[in-house]
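Have a look at final-v5.cif below; it lists mmCIF, C-alpha atoms and all ligand atoms.
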data_query
loop_
_atom_site.label_atom_id
_atom_site.label_comp_id
_atom_site.auth_asym_id
_atom_site.auth_seq_id
_atom_site.Cartn_x
_atom_site.Cartn_y
_atom_site.Cartn_z
CA MET O 1 48.09 8.45 -8.55
CA THR O 2 45.18 10.23 -10.12
CA SER O 3 43.20 13.09 -8.67
CA GLN O 4 39.97 11.37 -9.66
CA ALA O 5 38.40 9.00 -7.11
CA ALA O 6 38.12 5.48 -8.46
CA PRO O 7 34.57 4.23 -8.97
CA VAL O 8 33.31 3.05 -5.61
CA VAL O 9 31.13 0.29 -6.99
CA THR O 10 30.61 -1.77 -10.10
CA THR O 11 27.08 -0.96 -11.19
CA PRO O 12 25.06 -4.18 -11.30
CA SER O 13 23.20 -5.10 -14.47
CA LEU O 14 19.96 -7.03 -14.98
CA PRO O 15 18.79 -8.54 -18.30
CA ASP O 16 15.04 -8.24 -17.57
CA ASP O 17 12.59 -6.25 -19.69
CA PRO O 18 10.38 -4.42 -17.16
CA PHE O 19 7.86 -3.73 -19.96
CA SER O 20 7.43 -7.44 -20.80
CA THR O 21 4.01 -9.01 -20.30
CA GLU O 22 5.34 -11.11 -17.40
CA ILE O 23 6.73 -8.21 -15.37
CA LEU O 24 3.87 -5.82 -16.16
CA THR O 25 1.45 -8.52 -14.98
CA ASP O 26 3.31 -9.24 -11.74
CA PRO O 27 6.22 -6.87 -11.12
CA TYR O 28 6.93 -7.60 -7.48
CA GLU O 29 9.45 -10.45 -7.80
CA PHE O 30 11.42 -8.35 -10.29
CA HIS O 31 11.23 -5.33 -7.96
CA GLN O 32 12.83 -7.35 -5.20
CA ARG O 33 15.71 -8.44 -7.44
CA LEU O 34 16.10 -4.84 -8.65
CA ARG O 35 16.32 -3.48 -5.10
CA GLU O 36 18.67 -6.24 -3.99
CA ALA O 37 20.96 -5.77 -7.00
CA GLY O 38 21.84 -2.27 -5.77
CA PRO O 39 20.78 1.37 -5.45
CA VAL O 40 21.45 1.98 -9.17
CA VAL O 41 21.12 -0.83 -11.72
CA ARG O 42 21.76 -1.06 -15.46
CA LEU O 43 18.89 -2.51 -17.43
CA ALA O 44 20.85 -4.04 -20.31
CA HIS O 45 17.73 -4.66 -22.42
CA TYR O 46 17.25 -0.91 -22.93
CA ASP O 47 20.74 0.31 -22.02
CA LEU O 48 19.20 2.31 -19.18
CA TYR O 49 19.81 3.21 -15.55
CA ALA O 50 17.15 2.23 -13.04
CA MET O 51 16.43 2.76 -9.36
CA GLY O 52 14.09 0.63 -7.28
CA ARG O 53 14.92 1.55 -3.69
CA PHE O 54 12.88 4.14 -1.81
CA ASP O 55 15.73 6.48 -0.82
CA GLU O 56 17.21 6.88 -4.31
CA VAL O 57 13.83 7.09 -6.06
CA HIS O 58 12.65 9.70 -3.56
CA ALA O 59 15.87 11.75 -3.80
CA SER O 60 15.89 11.64 -7.63
CA LEU O 61 12.26 12.76 -7.83
CA ARG O 62 13.09 15.70 -5.59
CA ASP O 63 16.24 16.70 -7.51
CA TRP O 64 14.54 18.30 -10.53
CA GLU O 65 17.73 20.14 -11.51
CA THR O 66 19.65 16.90 -12.11
CA PHE O 67 16.79 14.54 -13.04
CA ILE O 68 14.92 16.65 -15.54
CA SER O 69 11.52 16.09 -17.13
CA GLY O 70 11.83 18.35 -20.19
CA ARG O 71 13.37 15.52 -22.24
CA GLY O 72 10.29 13.40 -21.51
CA ALA O 73 8.99 11.32 -18.61
CA GLY O 74 9.02 8.20 -20.80
CA LEU O 75 11.76 6.22 -22.55
CA ALA O 76 11.77 8.52 -25.59
CA ASP O 77 14.40 11.26 -25.28
CA PHE O 78 12.77 14.43 -26.63
CA ALA O 79 16.25 15.80 -27.36
CA ARG O 80 16.70 13.04 -29.95
CA GLU O 81 13.25 12.03 -31.17
CA THR O 82 9.98 13.75 -31.92
CA PRO O 83 7.42 13.18 -29.13
CA TRP O 84 4.14 11.43 -30.08
CA ARG O 85 2.28 14.64 -29.17
CA PRO O 86 3.38 18.20 -28.29
CA PRO O 87 4.98 17.85 -24.83
CA SER O 88 2.92 18.51 -21.73
CA LEU O 89 3.58 21.95 -20.22
CA LEU O 90 3.47 20.33 -16.77
CA LEU O 91 4.78 16.78 -16.85
CA GLU O 92 7.35 17.28 -19.60
CA ALA O 93 8.63 20.71 -18.55
CA ASP O 94 11.21 22.00 -16.08
CA PRO O 95 11.49 25.15 -14.00
CA PRO O 96 11.30 28.05 -14.66
CA ASN O 97 8.64 27.35 -17.35
CA HIS O 98 7.10 24.55 -15.33
CA THR O 99 6.73 26.81 -12.31
CA VAL O 100 4.45 29.20 -14.22
CA THR O 101 2.05 26.57 -15.55
CA ARG O 102 2.13 24.59 -12.31
CA ASN O 103 1.24 27.67 -10.24
CA VAL O 104 -1.74 28.36 -12.49
CA MET O 105 -2.94 24.76 -12.11
CA ASN O 106 -2.40 24.79 -8.34
CA GLY O 107 -4.65 27.84 -8.17
CA ILE O 108 -7.38 26.08 -10.15
CA VAL O 109 -7.29 22.55 -8.69
CA SER O 110 -7.06 24.13 -5.24
CA PRO O 111 -8.21 22.67 -1.91
CA ARG O 112 -10.97 25.28 -1.89
CA ALA O 113 -12.19 24.39 -5.40
CA VAL O 114 -12.13 20.71 -4.55
CA ARG O 115 -14.06 21.32 -1.31
CA ALA O 116 -16.78 23.00 -3.36
CA LEU O 117 -17.19 19.78 -5.39
CA ARG O 118 -17.58 17.58 -2.34
CA GLU O 119 -21.35 17.66 -1.97
CA GLY O 120 -22.13 16.88 -5.60
CA PHE O 121 -19.50 14.12 -5.76
CA SER O 122 -20.84 12.68 -2.50
CA VAL O 123 -24.40 12.24 -3.79
CA LEU O 124 -23.17 10.13 -6.71
CA ALA O 125 -20.76 8.14 -4.51
CA GLU O 126 -23.59 7.24 -2.12
CA GLU O 127 -25.84 6.27 -5.04
CA ILE O 128 -23.35 3.93 -6.67
CA ALA O 129 -22.33 2.38 -3.34
CA GLU O 130 -25.98 1.72 -2.53
CA ARG O 131 -26.55 0.10 -5.93
CA MET O 132 -23.50 -2.14 -5.56
CA VAL O 133 -24.42 -3.33 -2.07
CA GLU O 134 -27.99 -3.98 -3.22
CA ARG O 135 -26.64 -6.14 -6.05
CA GLY O 136 -24.28 -7.95 -3.73
CA GLU O 137 -22.05 -9.17 -6.57
CA PHE O 138 -20.38 -6.81 -9.02
CA ASP O 139 -17.18 -6.12 -10.90
CA ALA O 140 -15.16 -3.53 -8.98
CA VAL O 141 -13.66 -2.31 -12.28
CA ALA O 142 -16.45 -2.36 -14.89
CA ASP O 143 -19.32 -1.57 -12.52
CA LEU O 144 -17.66 0.90 -10.16
CA ALA O 145 -14.11 2.10 -10.85
CA GLU O 146 -14.81 2.81 -14.53
CA VAL O 147 -18.18 4.38 -13.76
CA TYR O 148 -17.86 6.78 -10.83
CA PRO O 149 -14.93 8.95 -12.05
CA LEU O 150 -16.72 9.40 -15.37
CA GLN O 151 -19.85 10.56 -13.54
CA VAL O 152 -18.00 13.33 -11.72
CA PHE O 153 -14.74 14.37 -13.40
CA PRO O 154 -15.85 15.35 -16.93
CA ASP O 155 -18.54 17.64 -15.51
CA ALA O 156 -16.02 19.21 -13.12
CA VAL O 157 -13.81 20.01 -16.13
CA GLY O 158 -16.83 21.18 -18.16
CA LEU O 159 -16.37 18.76 -21.05
CA PRO O 160 -18.91 18.26 -23.85
CA ALA O 161 -21.49 15.55 -23.11
CA THR O 162 -20.77 13.64 -26.29
CA GLY O 163 -17.53 11.80 -26.93
CA ARG O 164 -16.63 11.15 -23.32
CA GLU O 165 -16.02 7.50 -24.20
CA ASN O 166 -12.72 8.79 -25.64
CA LEU O 167 -11.36 9.66 -22.18
CA LEU O 168 -10.35 6.16 -21.04
CA PRO O 169 -8.67 5.22 -24.34
CA TYR O 170 -6.78 8.53 -24.29
CA GLY O 171 -5.50 7.93 -20.77
CA ALA O 172 -4.45 4.40 -21.68
CA LEU O 173 -2.65 5.80 -24.73
CA ALA O 174 -0.86 8.53 -22.79
CA PHE O 175 0.41 6.05 -20.18
CA ASN O 176 1.34 3.36 -22.73
CA ALA O 177 3.28 5.97 -24.69
CA PHE O 178 5.81 6.43 -21.86
CA GLY O 179 7.03 2.90 -22.52
CA PRO O 180 9.32 1.44 -25.18
CA ASP O 181 8.23 0.85 -28.76
CA ASN O 182 6.57 -2.46 -27.88
CA GLU O 183 3.26 -4.03 -28.91
CA LEU O 184 1.30 -2.16 -26.21
CA ARG O 185 2.61 1.23 -27.32
CA ARG O 186 2.24 0.50 -31.01
CA ALA O 187 -1.33 -0.76 -30.66
CA ALA O 188 -2.30 2.28 -28.57
CA LEU O 189 -0.84 4.73 -31.11
CA ALA O 190 -2.32 2.87 -34.09
CA GLY O 191 -5.90 3.58 -32.99
CA ALA O 192 -5.24 7.05 -31.69
CA ALA O 193 -6.22 9.54 -34.40
CA ALA O 194 -9.95 9.84 -33.68
CA VAL O 195 -9.39 9.87 -29.93
CA GLN O 196 -6.76 12.60 -30.23
CA GLU O 197 -9.06 14.63 -32.45
CA TRP O 198 -11.86 14.62 -29.86
CA ILE O 199 -9.40 15.48 -27.09
CA ALA O 200 -7.96 18.41 -29.06
CA ALA O 201 -11.43 19.77 -29.85
CA SER O 202 -12.48 19.41 -26.21
CA CYS O 203 -9.54 21.51 -25.02
CA GLN O 204 -10.72 24.55 -26.98
CA ARG O 205 -12.43 27.43 -25.19
CA GLU O 206 -15.78 26.98 -26.99
CA ALA O 207 -16.02 23.33 -25.91
CA LEU O 208 -15.72 24.02 -22.19
CA ALA O 209 -18.70 24.83 -19.96
CA PRO O 210 -18.49 27.97 -17.80
CA GLY O 211 -17.31 27.47 -14.23
CA GLY O 212 -15.42 24.22 -14.84
CA PHE O 213 -11.67 23.64 -14.50
CA GLY O 214 -11.29 23.96 -18.29
CA ALA O 215 -12.94 27.39 -18.45
CA GLN O 216 -10.81 28.50 -15.50
CA ILE O 217 -7.65 27.59 -17.41
CA TRP O 218 -8.85 29.78 -20.29
CA ALA O 219 -9.71 32.55 -17.80
CA ALA O 220 -6.10 32.41 -16.56
CA ALA O 221 -4.97 33.00 -20.15
CA ASP O 222 -7.38 35.95 -20.42
CA ARG O 223 -5.86 37.44 -17.27
CA GLY O 224 -2.41 37.11 -18.82
CA ASP O 225 -1.21 34.41 -16.40
CA LEU O 226 -0.73 32.10 -19.42
CA LEU O 227 -0.20 32.52 -23.14
CA PRO O 228 -3.41 31.70 -25.03
CA GLU O 229 -1.68 28.80 -26.83
CA GLN O 230 -0.84 27.24 -23.46
CA ALA O 231 -4.46 26.94 -22.35
CA PRO O 232 -5.50 23.96 -24.49
CA LEU O 233 -2.36 22.04 -23.51
CA LEU O 234 -3.12 22.50 -19.82
CA VAL O 235 -6.70 21.32 -20.34
CA ARG O 236 -5.14 18.34 -22.15
CA SER O 237 -3.10 17.57 -19.01
CA LEU O 238 -6.32 17.25 -17.01
CA LEU O 239 -7.75 14.87 -19.62
CA SER O 240 -4.53 12.83 -19.86
CA ALA O 241 -3.88 12.36 -16.18
CA GLY O 242 -7.28 12.80 -14.53
CA VAL O 243 -9.37 9.82 -15.57
CA ASP O 244 -7.46 6.52 -15.88
CA THR O 245 -5.45 7.32 -12.77
CA THR O 246 -8.55 7.61 -10.61
CA VAL O 247 -10.15 4.55 -12.24
CA TYR O 248 -7.03 2.55 -11.36
CA GLY O 249 -6.90 4.19 -7.93
CA ILE O 250 -10.41 3.02 -7.06
CA ALA O 251 -9.99 -0.42 -8.64
CA ASN O 252 -6.61 -1.06 -6.99
CA THR O 253 -7.93 0.05 -3.61
CA LEU O 254 -10.90 -2.32 -3.85
CA TYR O 255 -8.64 -5.11 -5.16
CA SER O 256 -6.27 -4.55 -2.22
CA LEU O 257 -9.07 -4.74 0.33
CA ALA O 258 -10.97 -7.61 -1.32
CA SER O 259 -7.79 -9.70 -1.37
CA ASN O 260 -7.12 -8.76 2.29
CA PRO O 261 -10.62 -8.98 3.82
CA ASP O 262 -9.23 -8.57 7.37
CA GLN O 263 -8.30 -5.02 6.31
CA TRP O 264 -11.86 -4.39 5.10
CA ASP O 265 -13.03 -5.41 8.57
CA VAL O 266 -10.80 -2.70 10.05
CA LEU O 267 -12.21 -0.15 7.60
CA HIS O 268 -15.83 -1.20 8.13
CA ALA O 269 -15.38 -0.81 11.88
CA ASP O 270 -14.16 2.75 11.31
CA PRO O 271 -14.99 4.12 7.82
CA LYS O 272 -13.13 7.33 8.69
CA LEU O 273 -10.00 5.32 7.92
CA ALA O 274 -10.88 5.51 4.18
CA ARG O 275 -8.18 8.09 3.45
CA PHE O 276 -5.57 5.95 5.20
CA ALA O 277 -6.78 2.87 3.37
CA PHE O 278 -6.34 4.73 0.07
CA ASP O 279 -2.76 5.76 0.89
CA GLU O 280 -1.89 2.24 1.94
CA ALA O 281 -3.46 0.81 -1.23
CA LEU O 282 -1.53 3.36 -3.32
CA ARG O 283 1.65 2.19 -1.61
CA TRP O 284 0.85 -1.52 -1.92
CA GLU O 285 -0.55 -1.54 -5.49
CA SER O 286 0.61 1.73 -7.07
CA PRO O 287 -1.38 2.67 -10.21
CA VAL O 288 1.56 4.61 -11.70
CA GLN O 289 4.45 2.15 -11.51
CA THR O 290 7.24 4.04 -13.25
CA PHE O 291 8.40 7.37 -14.60
CA PHE O 292 11.60 8.28 -16.41
CA ARG O 293 13.85 11.25 -15.90
CA THR O 294 16.89 12.40 -17.95
CA THR O 295 20.14 13.53 -16.31
CA SER O 296 21.04 17.17 -16.99
CA ARG O 297 24.64 16.58 -15.84
CA GLU O 298 26.97 13.78 -14.79
CA VAL O 299 25.85 12.67 -11.34
CA ASP O 300 27.16 10.22 -8.74
CA VAL O 301 24.37 8.22 -7.13
CA ALA O 302 25.58 5.87 -4.39
CA GLY O 303 28.90 5.36 -6.20
CA THR O 304 27.54 4.94 -9.72
CA VAL O 305 28.49 7.79 -12.05
CA ILE O 306 25.56 8.38 -14.39
CA PRO O 307 26.60 10.37 -17.48
CA GLU O 308 24.80 13.52 -18.62
CA GLY O 309 21.88 12.86 -20.96
CA SER O 310 21.04 9.40 -19.55
CA LYS O 311 17.50 8.13 -19.23
CA VAL O 312 16.82 6.90 -15.70
CA LEU O 313 13.85 4.69 -14.92
CA LEU O 314 12.39 5.28 -11.45
CA PHE O 315 10.31 2.42 -10.04
CA LEU O 316 7.71 4.13 -7.86
CA GLY O 317 5.87 0.87 -7.19
CA SER O 318 9.12 -0.77 -6.05
CA ALA O 319 10.11 2.15 -3.81
CA ASN O 320 6.69 1.83 -2.20
CA ARG O 321 7.47 -1.76 -1.17
CA ASP O 322 11.12 -1.31 -0.20
CA PRO O 323 11.67 -3.03 3.17
CA ARG O 324 14.66 -0.70 3.76
CA HIS O 325 12.10 2.08 4.17
CA TRP O 326 8.84 0.36 5.11
CA GLY O 327 10.20 -2.46 7.25
CA GLU O 328 10.19 -6.23 6.92
CA ASP O 329 6.41 -6.34 6.35
CA ALA O 330 6.53 -3.95 3.36
CA ASN O 331 4.66 -6.51 1.24
CA ARG O 332 1.75 -6.62 3.68
CA LEU O 333 -1.32 -4.41 3.28
CA ASP O 334 -1.94 -2.69 6.62
CA ILE O 335 -4.30 0.27 6.51
CA ARG O 336 -3.21 1.31 10.01
CA ARG O 337 0.34 1.83 8.76
CA LYS O 338 1.67 5.37 8.24
CA ALA O 339 1.79 5.09 4.42
CA SER O 340 1.46 8.76 3.51
CA GLY O 341 5.15 9.16 2.57
CA HIS O 342 4.76 6.88 -0.45
CA VAL O 343 5.77 8.09 -3.92
CA ALA O 344 2.67 6.85 -5.77
CA PHE O 345 1.75 10.49 -6.53
CA GLY O 346 5.41 11.29 -7.23
CA MET O 347 7.36 13.69 -5.06
CA GLY O 348 8.79 17.19 -5.44
CA VAL O 349 7.76 19.86 -7.93
CA HIS O 350 5.96 17.42 -10.26
CA GLN O 351 3.93 15.70 -7.56
CA CYS O 352 0.42 14.99 -8.89
CA VAL O 353 -1.51 18.24 -9.29
CA GLY O 354 -4.87 16.44 -9.30
CA GLN O 355 -4.17 14.72 -6.02
CA PRO O 356 -6.91 16.52 -4.01
CA LEU O 357 -9.48 15.47 -6.61
CA ALA O 358 -8.29 11.86 -6.63
CA ARG O 359 -8.34 11.79 -2.84
CA LEU O 360 -11.86 13.22 -2.75
CA GLU O 361 -13.23 10.69 -5.25
CA VAL O 362 -11.72 7.67 -3.53
CA GLU O 363 -12.57 8.86 -0.02
CA LEU O 364 -16.23 9.33 -0.92
CA VAL O 365 -16.68 6.05 -2.77
CA LEU O 366 -14.77 4.02 -0.22
CA THR O 367 -16.48 5.57 2.80
CA ALA O 368 -19.91 5.02 1.23
CA LEU O 369 -19.10 1.34 0.57
CA ALA O 370 -17.40 0.74 3.90
CA ARG O 371 -20.44 1.98 5.81
CA ARG O 372 -22.83 -0.23 3.86
CA ALA O 373 -20.82 -3.45 3.50
CA ARG O 374 -19.61 -5.48 6.45
CA ARG O 375 -17.60 -7.79 4.23
CA ILE O 376 -15.98 -7.91 0.80
CA GLU O 377 -14.45 -10.91 -0.94
CA LEU O 378 -13.21 -11.91 -4.36
CA THR O 379 -15.56 -14.25 -6.24
CA GLY O 380 -13.14 -15.07 -9.03
CA THR O 381 -9.63 -14.46 -10.26
CA PRO O 382 -8.94 -10.79 -11.05
CA VAL O 383 -7.85 -10.18 -14.64
CA PRO O 384 -4.78 -7.95 -15.06
CA LYS O 385 -4.96 -4.94 -17.40
CA LEU O 386 -1.65 -4.40 -19.17
CA ASN O 387 -0.19 -0.93 -19.64
CA ASN O 388 3.42 0.22 -19.98
CA THR O 389 3.05 2.54 -16.96
CA LEU O 390 -0.14 1.70 -15.07
CA LYS O 391 -0.67 -1.42 -12.97
CA GLY O 392 -4.24 -2.50 -12.50
CA TRP O 393 -7.05 -4.81 -13.45
CA SER O 394 -9.63 -5.11 -16.20
CA SER O 395 -11.85 -7.21 -13.90
CA VAL O 396 -12.06 -7.64 -10.12
CA PRO O 397 -15.19 -9.72 -9.36
CA VAL O 398 -16.35 -9.21 -5.77
CA ARG O 399 -19.21 -9.99 -3.42
CA VAL O 400 -20.20 -7.65 -0.61
CA GLU O 401 -22.37 -8.44 2.38
CA ALA O 402 -24.73 -5.68 3.48
CA ALA O 403 -24.15 -4.42 7.01
C1 LIG T 501 -0.34 10.73 -18.68
C2 LIG T 501 0.02 11.98 -17.93
C3 LIG T 501 0.39 11.90 -16.62
C4 LIG T 501 0.70 13.07 -15.94
C5 LIG T 501 0.61 14.29 -16.59
C6 LIG T 501 0.24 14.36 -17.92
C7 LIG T 501 -0.08 13.18 -18.59
C8 LIG T 501 0.16 15.66 -18.65
O1 LIG T 501 -0.28 15.65 -19.81
O2 LIG T 501 0.49 16.69 -18.07
#
Just give me the structure as structure tokens.
Ligand code: OVV
Amino acid sequence: MTSQAAPVVTTPSLPDDPFSTEILTDPYEFHQRLREAGPVVRLAHYDLYAMGRFDEVHASLRDWETFISGRGAGLADFARETPWRPPSLLLEADPPNHTVTRNVMNGIVSPRAVRALREGFSVLAEEIAERMVERGEFDAVADLAEVYPLQVFPDAVGLPATGRENLLPYGALAFNAFGPDNELRRAALAGAAAVQEWIAASCQREALAPGGFGAQIWAAADRGDLLPEQAPLLVRSLLSAGVDTTVYGIANTLYSLASNPDQWDVLHADPKLARFAFDEALRWESPVQTFFRTTSREVDVAGTVIPEGSKVLLFLGSANRDPRHWGEDANRLDIRRKASGHVAFGMGVHQCVGQPLARLEVELVLTALARRARRIELTGTPVPKLNNTLKGWSSVPVRVEAA
């Protein structure tokens, strides 16, 4: 007899590489095998723990004391290897430090601040929607998703007018860098120096226009709410996480609806459903597919004992399609579904700080299009865009029919 309980389960193991071209291109068959294998699975390829079911992903995201972020939200363990850039004071930090920086950001990207942007953002959303419907045929990525966020977000931050073409490559780099040392990550880092230089310069006080989010971060430092050396890193967080995410959010939403035109009909009949359509599209085709955590202690999850200091890969996109949570039709896009509990923005203390901005941008663009177009359809095969963390498209050719 021993006083220790015997392991309740043998932890299943899968040989797949979730960062392979095949799975990044179409992850959903793998997600199903991952969920069916068990609540916790070993990924032998990287000697990692992984979770793909909603309940365990959700619970791990909420348990910041056990599943910490300070050792990195990617595969690299900051306790063992030097990060590719100084760690984020938000994403790659834990309470109590995280609480200070997060509270400052919550005060700046506040519902009130975002409400004040609504009118200006709306004018540009109406303009681009009108242009697209006039054209009839366009690329939902190149002509819309990659255009609108860059018309509104950099000005809201107060960024310099020149060099903004660095924003998309920097976002792609930041999200590729969470992955393993594969071709995607290596290629992104190889071309990074000039991009990183522009980003660093743009985070400085002198670069940021008065009144914008960037200047407000510096004002928080002046008030003593932050150390001065923290200000540029918090501006960097906005630039890392605020552009590509919304580009993918718009593109994935339009892809979801164009490949399910019956759902566009529902939205066109009632454009006020735009916010629901966005949540359902985030659930169905989540832009941020994965994040890592590191265990701060030995922890038993559903009978698997995960040792202290283990990297754990959380599959947000898989949790968002788990039939155990969403029901048998989890793989169906249904904008009338109650999708708002998805984990596409994360969950718990790290849940996306820019969420109100992302929601505003997508609501305005989608409402403007839904009013003007009675129909949307794909006119060709969408082309996947590969990234170690983000799922999306480099081209989604569509045709819309004016209402
Ligand atoms: C790429 C990314 C996502 C979320 C947060 C951050 C970066 C950050 O720099 O804080």
For each of O:Ala187, O:Ala113, O:Ala215, O:Ile199, take the minimum atom-to-atom distance to ligand LIG 501 (chain T), counting all atoms listed in the file, then give the residue where this is smallest.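 Between O:Ala187, O:Ala113, O:Ala215, O:Ile199, the residue approaching ligand LIG 501 (chain T) most closely is O:Ile199.
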Counting all atoms listed in the file, the residue of O:Val383, O:Ala142, O:Leu89, O:Ile128 that sits nearest ligand LIG 501 (chain T):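 Closest candidate: O:Leu89.
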Please measure the separation of CA of Glu308 (chain O) and CA of Ser296 (chain O), giving the value in Å to one decimal.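 Those two atoms sit 5.5 Å apart.
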Between CA of Ala59 (chain O) and CA of Val104 (chain O), what is the distance in Å, rounded to a tenth?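 Those two atoms sit 25.7 Å apart.
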Counting all atoms listed in the file, which residues of chain O fall within 7 Å of ligand LIG 501 (chain T), and what is the closest atom pair for each with its distance in Å at one decimal, ordered by chain and rising number, as a tab-separated table?
residue	atom	partner	partner_atom	distance
O:Ser88	CA	T:LIG501	O1	4.7
O:Leu89	CA	T:LIG501	O2	6.5
O:Leu90	CA	T:LIG501	O2	4.9
O:Leu91	CA	T:LIG501	O2	4.5
O:Gly171	CA	T:LIG501	C1	6.2
O:Ala174	CA	T:LIG501	C1	4.7
O:Phe175	CA	T:LIG501	C1	5.0
O:Arg236	CA	T:LIG501	O1	6.0
O:Ser237	CA	T:LIG501	O1	3.5
O:Leu238	CA	T:LIG501	O1	6.8
O:Ser240	CA	T:LIG501	C7	4.6
O:Ala241	CA	T:LIG501	C2	4.3
What's the 7 Å shell around region 321-332 of chain O, counting all atoms listed in the file, without same-chain residues fewer than 3 positions away, as a count of residues only? 5
Go through O:His45, O:Glu363, O:Phe30, O:Arg399 one by one, measure the shortest atom-to-atom distance of each to Ser122 (chain O) using only C-alpha atoms, and give the residue with the smallest value. O:Glu363
